$ cat input21.txt   # compact mmCIF, C-alpha atoms
# COMPACT_ATOMS: atom_id res chain seq x y z
CA MET A 55 137.60 117.73 113.80
CA PHE A 56 134.36 118.11 111.97
CA ARG A 57 132.30 117.21 114.99
CA GLN A 58 133.23 120.60 116.40
CA ALA A 59 132.41 122.40 113.18
CA SER A 60 128.84 123.30 114.06
CA ARG A 61 129.89 124.54 117.49
CA LEU A 62 132.69 126.67 116.08
CA LEU A 63 130.46 128.12 113.39
CA SER A 64 127.76 129.09 115.85
CA ARG A 65 130.39 130.61 118.12
CA SER A 66 131.85 132.75 115.36
CA ILE A 67 128.39 133.91 114.34
CA ALA A 68 127.49 134.71 117.92
CA GLN A 69 130.77 136.53 118.58
CA PRO A 70 129.94 140.01 117.20
CA GLN A 71 126.83 140.19 119.39
CA HIS A 72 128.51 139.07 122.60
CA THR A 73 131.60 141.24 122.63
CA LYS A 74 131.44 142.24 126.29
CA THR A 75 129.89 139.21 127.95
CA LYS A 76 131.89 136.02 128.23
CA VAL A 77 130.01 133.16 126.66
CA ALA A 78 130.88 129.79 128.13
CA ALA A 79 131.78 127.96 124.96
CA ARG A 80 132.38 124.65 126.69
CA ALA A 81 130.17 122.77 129.06
CA PHE A 82 131.72 121.53 132.28
CA SER A 83 132.50 117.86 132.28
CA THR A 84 130.01 117.39 135.09
CA ASP A 85 127.15 118.81 133.02
CA VAL A 86 127.61 116.48 130.07
CA PRO A 87 125.17 113.56 130.32
CA ALA A 88 126.59 110.13 130.96
CA THR A 89 125.45 108.58 127.70
CA PRO A 90 125.40 110.39 124.36
CA THR A 91 121.78 110.98 123.45
CA GLU A 92 122.12 111.28 119.72
CA ASP A 93 124.44 109.90 117.04
CA SER A 94 127.14 112.31 116.01
CA PRO A 95 126.85 113.63 112.42
CA PHE A 96 129.94 111.62 111.47
CA SER A 97 128.46 108.28 112.45
CA GLN A 98 125.17 109.21 110.84
CA SER A 99 126.81 109.97 107.50
CA TRP A 100 128.96 106.82 107.88
CA LYS A 101 125.85 104.71 108.30
CA LYS A 102 124.35 106.23 105.18
CA VAL A 103 127.37 105.28 103.12
CA ILE A 104 128.30 101.94 104.71
CA PRO A 105 125.30 100.56 106.60
CA THR A 106 126.92 97.17 107.09
CA ILE A 107 130.10 98.14 108.98
CA GLU A 108 130.02 99.74 112.45
CA PRO A 109 131.28 103.34 112.52
CA PRO A 110 134.79 103.58 113.98
CA LYS A 111 135.00 104.62 117.60
CA THR A 112 136.68 107.88 118.55
CA PRO A 113 138.79 108.24 121.68
CA SER A 114 136.05 110.12 123.49
CA SER A 115 133.65 107.23 123.06
CA TYR A 116 135.97 105.10 125.17
CA MET A 117 136.07 107.66 127.94
CA LYS A 118 133.64 107.36 130.76
CA PRO A 119 132.15 110.80 131.28
CA ARG A 120 131.75 111.99 134.81
CA PRO A 121 128.53 111.40 136.67
CA ALA A 122 126.34 114.42 136.25
CA THR A 123 125.72 116.87 139.06
CA ALA A 124 122.81 115.55 141.06
CA SER A 125 120.09 117.94 142.13
CA THR A 126 120.24 116.75 145.75
CA ILE A 127 123.52 116.54 147.64
CA PRO A 128 124.79 112.94 147.63
CA THR A 129 125.48 111.25 150.94
CA LYS A 130 128.99 110.12 150.11
CA LEU A 131 132.04 111.73 148.59
CA THR A 132 133.77 109.82 145.77
CA VAL A 133 137.51 110.13 146.11
CA ASN A 134 140.14 109.39 143.47
CA PHE A 135 143.52 109.61 145.14
CA VAL A 136 146.23 109.08 142.54
CA LEU A 137 149.99 109.13 142.43
CA PRO A 138 152.15 109.03 139.31
CA TYR A 139 152.85 105.32 139.83
CA ALA A 140 149.72 104.04 141.55
CA SER A 141 146.19 104.94 142.41
CA GLN A 142 145.71 104.65 146.14
CA LEU A 143 141.98 105.18 146.13
CA ALA A 144 139.97 104.72 142.96
CA GLU A 145 136.39 105.99 143.16
CA LYS A 146 136.14 105.20 146.83
CA GLU A 147 133.01 106.39 148.60
CA VAL A 148 133.89 108.12 151.83
CA ASP A 149 132.28 110.48 154.29
CA MET A 150 134.92 113.18 154.41
CA ILE A 151 138.51 113.92 153.51
CA ILE A 152 140.77 116.56 154.98
CA VAL A 153 143.40 117.84 152.55
CA PRO A 154 146.39 120.01 153.44
CA ALA A 155 145.81 122.97 151.14
CA THR A 156 148.24 125.89 151.06
CA THR A 157 145.52 127.94 152.73
CA GLY A 158 145.25 125.46 155.61
CA GLN A 159 143.63 122.13 156.36
CA MET A 160 140.52 121.89 154.24
CA GLY A 161 137.72 119.49 155.05
CA VAL A 162 135.73 118.23 152.09
CA LEU A 163 132.23 116.85 152.59
CA PRO A 164 129.76 115.72 149.93
CA GLY A 165 128.27 118.77 148.28
CA HIS A 166 131.41 120.87 148.70
CA VAL A 167 131.66 123.89 146.45
CA PRO A 168 133.81 123.14 143.36
CA THR A 169 137.37 124.03 144.28
CA ILE A 170 140.87 123.64 142.96
CA ALA A 171 143.35 123.63 145.81
CA GLU A 172 147.11 123.47 145.66
CA LEU A 173 148.42 121.19 148.39
CA LYS A 174 151.35 121.83 150.67
CA PRO A 175 153.36 119.08 152.36
CA GLY A 176 151.06 117.70 155.01
CA VAL A 177 148.70 114.98 156.13
CA MET A 178 145.63 113.98 154.16
CA SER A 179 143.08 112.01 156.14
CA VAL A 180 140.27 109.96 154.71
CA HIS A 181 137.29 109.40 157.01
CA GLU A 182 135.02 106.46 156.31
CA GLY A 183 132.61 105.74 159.14
CA ASN A 184 134.89 105.36 162.13
CA ASP A 185 138.04 104.52 160.12
CA VAL A 186 140.54 107.23 159.46
CA SER A 187 143.47 106.57 157.15
CA LYS A 188 146.20 109.18 157.00
CA TYR A 189 148.65 109.76 154.20
CA PHE A 190 151.54 112.19 154.19
CA VAL A 191 151.35 114.08 150.89
CA SER A 192 154.45 115.81 149.54
CA SER A 193 152.66 118.23 147.24
CA GLY A 194 149.97 118.17 144.59
CA PHE A 195 146.50 119.37 143.84
CA ALA A 196 142.98 118.62 144.93
CA PHE A 197 140.12 119.09 142.50
CA ILE A 198 136.65 119.02 143.98
CA HIS A 199 133.86 118.88 141.45
CA ALA A 200 130.25 119.88 141.67
CA ASN A 201 129.07 116.27 141.64
CA SER A 202 130.92 115.43 144.92
CA VAL A 203 133.85 113.78 143.20
CA ALA A 204 137.22 114.74 144.63
CA ASP A 205 140.41 114.07 142.69
CA VAL A 206 143.50 114.36 144.81
CA ILE A 207 146.71 114.06 142.86
CA ALA A 208 150.00 113.96 144.68
CA VAL A 209 153.55 113.44 143.56
CA GLU A 210 154.43 111.31 146.58
CA ALA A 211 152.09 110.15 149.29
CA VAL A 212 152.94 107.63 151.98
CA PRO A 213 150.98 106.32 154.93
CA VAL A 214 152.22 108.15 158.02
CA ASP A 215 153.54 104.96 159.64
CA HIS A 216 156.01 104.54 156.78
CA LEU A 217 157.93 107.62 157.91
CA ASP A 218 161.09 107.14 159.95
CA SER A 219 161.20 109.69 162.79
CA ASN A 220 165.01 109.51 163.24
CA LEU A 221 165.61 110.49 159.64
CA VAL A 222 163.03 113.25 159.97
CA GLN A 223 164.69 114.74 163.05
CA LYS A 224 168.12 114.55 161.48
CA GLY A 225 166.89 116.15 158.28
CA LEU A 226 165.15 118.91 160.17
CA ALA A 227 168.33 119.75 162.07
CA ASP A 228 170.36 119.65 158.83
CA PHE A 229 168.10 121.95 156.91
CA THR A 230 167.63 124.39 159.77
CA GLN A 231 171.38 124.75 159.81
CA LYS A 232 171.49 125.15 156.03
CA LEU A 233 168.86 127.84 156.24
CA GLY A 234 171.05 129.77 158.64
CA SER A 235 174.12 129.50 156.46
CA ALA A 236 172.48 129.94 153.03
CA SER A 237 173.79 132.76 150.87
CA THR A 238 172.05 132.86 147.48
CA ASP A 239 168.29 133.10 146.97
CA LEU A 240 168.12 129.62 145.50
CA GLU A 241 169.94 128.05 148.45
CA LYS A 242 167.68 129.87 150.85
CA ALA A 243 164.62 128.66 148.96
CA GLU A 244 165.81 125.05 148.97
CA ALA A 245 166.64 125.21 152.65
CA GLN A 246 163.26 126.74 153.38
CA ILE A 247 161.50 124.01 151.41
CA GLY A 248 163.44 121.38 153.37
CA VAL A 249 162.54 122.98 156.68
CA ASP A 250 158.86 123.16 155.67
CA VAL A 251 158.66 119.54 154.57
CA TYR A 252 160.59 118.16 157.54
CA SER A 253 158.58 120.13 160.08
CA ALA A 254 155.36 118.97 158.41
CA MET A 255 156.57 115.37 158.66
CA ASN A 256 157.56 115.97 162.25
CA SER A 257 154.13 117.26 163.20
CA ALA A 258 152.54 114.38 161.28
CA LEU A 259 154.53 111.88 163.33
CA THR A 260 154.03 113.57 166.67
CA GLY A 261 150.55 115.13 166.23
CA THR B 199 149.17 152.49 104.25
CA LEU B 200 152.65 153.82 103.98
CA ALA B 201 151.48 157.31 103.04
CA LEU B 202 149.29 157.46 106.10
CA ARG B 203 152.14 156.30 108.28
CA TRP B 204 154.45 158.97 106.83
CA HIS B 205 151.73 161.55 107.34
CA ARG B 206 151.40 160.56 110.99
CA LEU B 207 155.13 160.55 111.48
CA LYS B 208 155.40 163.94 109.76
CA ILE B 209 153.10 165.36 112.36
CA ALA B 210 155.47 163.92 114.98
CA LYS B 211 158.46 165.61 113.38
CA TYR B 212 159.38 162.84 110.97
CA ARG B 213 162.85 162.89 109.54
CA LYS B 214 163.56 160.72 106.52
CA PRO B 215 166.26 158.15 107.39
CA LYS B 216 169.58 159.10 105.84
CA ASN B 217 171.22 155.73 105.54
CA LYS B 218 170.67 151.99 106.02
CA ALA B 219 171.55 152.11 109.69
CA GLU B 220 168.83 154.63 110.39
CA ARG B 221 166.33 152.68 108.31
CA ARG B 222 167.17 149.56 110.26
CA GLN B 223 166.68 151.44 113.48
CA ARG B 224 163.26 152.57 112.41
CA LYS B 225 162.14 149.03 111.70
CA ARG B 226 162.89 147.84 115.18
CA ARG B 227 159.63 148.54 116.89
CA HIS B 228 159.57 145.99 119.62
CA PRO B 229 162.23 146.05 122.30
CA PRO B 230 164.23 142.82 122.54
CA LYS B 231 162.58 140.30 124.82
CA LEU B 232 164.21 140.13 128.18
CA ALA B 233 165.13 136.76 129.57
CA LYS B 234 162.38 135.52 131.80
CA SER B 235 163.16 136.86 135.20
CA PRO B 236 160.68 135.64 137.76
CA SER B 237 161.71 138.35 140.18
CA MET B 238 160.45 141.18 137.93
CA ALA B 239 158.26 143.68 139.63
CA SER B 240 154.68 142.53 139.72
CA THR B 241 151.97 142.96 142.27
CA ALA B 242 150.86 139.31 142.43
CA ALA B 243 151.87 137.49 145.59
CA VAL B 244 154.27 134.73 144.64
CA PRO B 245 155.48 131.85 146.75
CA PHE B 246 159.04 132.18 148.04
CA TRP B 247 160.37 129.48 145.70
CA ARG B 248 158.94 131.24 142.66
CA SER B 249 160.60 134.50 143.58
CA ALA B 250 163.90 132.65 144.04
CA GLY B 251 163.75 131.37 140.46
CA MET B 252 162.32 127.91 140.97
CA THR B 253 159.43 126.46 139.02
CA TYR B 254 156.57 124.53 140.59
CA ILE B 255 157.80 121.27 139.11
CA SER B 256 161.25 121.59 140.66
CA TYR B 257 159.69 122.59 144.00
CA SER B 258 157.38 119.60 143.85
CA ASN B 259 160.21 117.22 142.95
CA ILE B 260 162.39 118.51 145.78
CA CYS B 261 159.53 117.94 148.25
CA ALA B 262 158.92 114.44 146.88
CA ASN B 263 162.62 113.53 147.13
CA ILE B 264 162.76 114.71 150.73
CA VAL B 265 159.73 112.57 151.60
CA ARG B 266 161.17 109.53 149.83
CA ASN B 267 164.45 109.83 151.70
CA CYS B 268 162.60 109.74 155.02
CA LEU B 269 160.85 106.43 154.56
CA LYS B 270 161.42 103.29 156.59
CA GLU B 271 163.62 100.68 155.08
CA PRO B 272 161.73 98.36 152.73
CA HIS B 273 159.59 101.21 151.43
CA LYS B 274 162.56 103.51 151.00
CA SER B 275 164.48 101.19 148.70
CA ASP B 276 161.28 100.48 146.75
CA ALA B 277 160.65 104.17 146.27
CA LEU B 278 164.22 104.94 145.23
CA ALA B 279 164.25 102.00 142.82
CA ARG B 280 161.03 103.27 141.29
CA GLU B 281 162.53 106.68 140.64
CA LYS B 282 165.62 105.54 138.73
CA VAL B 283 166.02 106.84 135.20
CA HIS B 284 168.17 105.45 132.43
CA PHE B 285 169.01 107.35 129.30
CA THR B 286 171.54 107.41 126.50
CA VAL B 287 173.10 110.61 125.27
CA THR B 288 174.75 110.67 121.87
CA LYS B 289 176.43 113.82 120.64
CA TRP B 290 176.44 114.45 116.92
CA SER B 291 179.06 116.34 114.97
CA GLU B 292 179.25 116.93 111.21
CA GLY B 293 176.24 114.76 110.59
CA LYS B 294 177.71 111.73 112.31
CA PRO B 295 177.20 110.46 115.79
CA GLU B 296 180.23 110.42 117.98
CA LYS B 297 181.01 107.27 119.91
CA PRO B 298 177.69 106.71 121.67
CA SER B 299 178.16 107.72 125.27
CA THR B 300 175.70 105.82 127.35
CA THR B 301 174.88 107.76 130.40
CA ARG B 302 172.91 105.83 132.94
CA SER B 303 171.63 107.76 135.83
CA ASP B 304 170.59 105.95 138.95
CA ASP B 305 170.31 109.16 140.86
CA PRO B 306 166.70 110.18 141.44
CA ASP B 307 167.82 113.72 142.17
CA VAL B 308 168.91 114.34 138.58
$ encode --input "input21.txt" --output "structure tokens"
Amino acid sequence: MFRQASRLLSRSIAQPQHTKTKVAARAFSTDVPATPTEDSPFSQSWKKVIPTIEPPKTPSSYMKPRPATASTIPTKLTVNFVLPYASQLAEKEVDMIIVPATTGQMGVLPGHVPTIAELKPGVMSVHEGNDVSKYFVSSGFAFIHANSVADVIAVEAVPVDHLDSNLVQKGLADFTQKLGSASTDLEKAEAQIGVDVYSAMNSALTG
Amino acid sequence: TLALRWHRLKIAKYRKPKNKAERRQRKRRHPPKLAKSPSMASTAAVPFWRSAGMTYISYSNICANIVRNCLKEPHKSDALAREKVHFTVTKWSEGKPEKPSTTRSDDPDV
């Protein structure tokens, strides 16, 4: 709490002068250096009082800060592909990934502009040399950072060969029929979601 | 200050409230908050599920359930087993719990 005191004080002093311009009060996580360069005031005052015992660690000291943004574009993209129950790819270095954003298939290369993309149900492909691995993603988000780290988080993602095409066809027929016979807004929305997801799975299996 | 407020209201044809009902009426400045209706008029483009009253989380969960139900056999039962939830609901009345009703839900759609 008191580590932030100096920052908050300087911000409140600076506030009256910068009423129109937006001052970025926080640095991006990619700009913070990997190792803390100086001892925080808390650990300094701790050492003055109790030089024999190590100062207690705070949660942020256990966190690994992100690698800083390099001045030259790196050759590889670092991908973290995580699901709520597993992490499929953890800090894997790849050449390119293609994510199914709501605005269309988006290819991400190293040095991509920082982007936050909402994903729609579709196929995410990871290209490493000549290997391409495809996952069908139900929905989620893709965060691409300035330092060529891409975090793709999905609620459910399965390799495309785990999908059963009979069930997909049956589901598509079911939901298309439901869409035709839906009455309330909510039913229509659910039917539309079903049709979207099943047709995306269909094109993933056939395409 | 109160005097200033009365002065301003006097300019706008202020009439001193006659009884408690009128005084209560005066105090109510903010209109009662409407229930959140996602289909209220706004210019932002919203996805179809949002305008039908669904939140992103429910949309995302529906999509995930659809995908899980379309898996091939060993993976499908794994996925459905992973999504099971178990919880206990106990209703309380007059400071005492009623007979604890254990509700166990194996249905991932709940």
$ residues_around --input "input21.txt" --residues "Val133 of chain A" --least-positions-apart "6" --cutoff "7 Å" --atoms "all atoms listed in the file" --output "MDAnalysis selection string"
chainID A and resid 143:147 203:205
$ atom_distance --input "input21.txt" --atom1 "atom CA of Leu278 of chain B" --atom2 "atom CA of Asn263 of chain B"
8.9 Å
$ residues_around --input "input21.txt" --residues "Val162 of chain A" --least-positions-apart "2" --cutoff "7 Å" --atoms "all atoms listed in the file" --output "ChimeraX atom specification"
/A:150-152,160,164,166
$ interface_residues --input "input21.txt" --of "chain B" --to "chain A" --cutoff "9 Å" --atoms "all atoms listed in the file" --output "ChimeraX atom specification"
/B:246-252,257-271,273-274,280
$ axis_aligned_box --input "input21.txt" --around "segment 242-248 of chain B" --padding-each-side "4 Å" --output "JSON"
{"center_x": 155.6, "center_y": 134.4, "center_z": 145.2, "size_x": 17.5, "size_y": 17.8, "size_z": 13.6}
$ atom_distance --input "input21.txt" --atom1 "atom CA of Val177 of chain A" --atom2 "atom CA of Ile198 of chain A"
17.6 Å
$ residues_around --input "input21.txt" --residues "Ser202 of chain A" --least-positions-apart "2" --cutoff "6 Å" --atoms "only C-alpha atoms" --output "PyMOL selection string"
chain A and resi 131+164-165+199-200
$ atom_distance --input "input21.txt" --atom1 "atom CA of Met178 of chain A" --atom2 "atom CA of Ser141 of chain A"
14.8 Å
$ closest_residue --input "input21.txt" --among "A:Ser187, A:Thr156, A:Thr169, A:Ser235" --to "Pro245 of chain B" --atoms "only C-alpha atoms"
A:Thr156
$ residues_near_point --input "input21.txt" --point "(143.4, 130.0, 153.4)" --cutoff "12 Å" --atoms "only C-alpha atoms" --output "VMD selection string"
chain A and resid 154 to 160 171 to 174
$ closest_residue --input "input21.txt" --among "A:Asn256, A:Asn184, A:Ser94, A:Asn201" --to "Lys130 of chain A" --atoms "only C-alpha atoms"
A:Asn201
$ build_atoms --input "input21.txt" --residues "segment 124-148 of chain A" --atoms "N, CA and C atoms" --output "compact mmCIF listing (two decimals), keeping the file's coordinate frame"
# COMPACT_ATOMS: atom_id res chain seq x y z
N ALA A 124 124.15 115.90 140.60
CA ALA A 124 122.81 115.55 141.06
C ALA A 124 122.13 116.78 141.62
N SER A 125 120.81 116.77 141.63
CA SER A 125 120.09 117.94 142.13
C SER A 125 120.10 117.96 143.66
N THR A 126 120.13 116.78 144.29
CA THR A 126 120.24 116.75 145.75
C THR A 126 121.68 116.37 146.10
N ILE A 127 122.14 116.82 147.25
CA ILE A 127 123.52 116.54 147.64
C ILE A 127 123.67 115.05 147.94
N PRO A 128 124.63 114.37 147.34
CA PRO A 128 124.79 112.94 147.63
C PRO A 128 125.29 112.73 149.06
N THR A 129 125.11 111.52 149.55
CA THR A 129 125.48 111.25 150.94
C THR A 129 126.96 110.95 151.10
N LYS A 130 127.60 110.50 150.00
CA LYS A 130 128.99 110.12 150.11
C LYS A 130 129.82 110.89 149.11
N LEU A 131 131.10 111.06 149.47
CA LEU A 131 132.04 111.73 148.59
C LEU A 131 132.83 110.65 147.85
N THR A 132 132.98 110.80 146.53
CA THR A 132 133.77 109.82 145.77
C THR A 132 135.17 110.38 145.61
N VAL A 133 136.13 109.63 146.11
CA VAL A 133 137.51 110.13 146.11
C VAL A 133 138.34 109.33 145.13
N ASN A 134 139.12 110.02 144.30
CA ASN A 134 140.14 109.39 143.47
C ASN A 134 141.46 109.95 143.94
N PHE A 135 142.24 109.13 144.62
CA PHE A 135 143.52 109.61 145.14
C PHE A 135 144.60 108.92 144.32
N VAL A 136 145.28 109.70 143.47
CA VAL A 136 146.23 109.08 142.54
C VAL A 136 147.62 109.65 142.70
N LEU A 137 148.58 108.77 142.44
CA LEU A 137 149.99 109.13 142.43
C LEU A 137 150.50 108.81 141.03
N PRO A 138 151.68 109.31 140.67
CA PRO A 138 152.15 109.03 139.31
C PRO A 138 152.32 107.54 139.03
N TYR A 139 152.56 106.73 140.07
CA TYR A 139 152.85 105.32 139.83
C TYR A 139 151.76 104.40 140.33
N ALA A 140 150.77 104.91 141.01
CA ALA A 140 149.72 104.04 141.55
C ALA A 140 148.50 104.87 141.86
N SER A 141 147.36 104.21 141.94
CA SER A 141 146.19 104.94 142.41
C SER A 141 145.81 104.35 143.75
N GLN A 142 145.98 105.14 144.79
CA GLN A 142 145.71 104.65 146.14
C GLN A 142 144.24 104.40 146.37
N LEU A 143 143.43 105.36 145.99
CA LEU A 143 141.98 105.18 146.13
C LEU A 143 141.36 105.47 144.79
N ALA A 144 140.61 104.51 144.26
CA ALA A 144 139.97 104.72 142.96
C ALA A 144 138.47 104.70 143.15
N GLU A 145 137.85 105.87 143.06
CA GLU A 145 136.39 105.99 143.16
C GLU A 145 135.87 105.39 144.46
N LYS A 146 136.57 105.75 145.56
CA LYS A 146 136.14 105.20 146.83
C LYS A 146 135.11 106.14 147.45
N GLU A 147 134.06 105.56 148.00
CA GLU A 147 133.01 106.39 148.60
C GLU A 147 133.32 106.60 150.07
N VAL A 148 133.55 107.84 150.44
CA VAL A 148 133.89 108.12 151.83
C VAL A 148 132.99 109.22 152.36
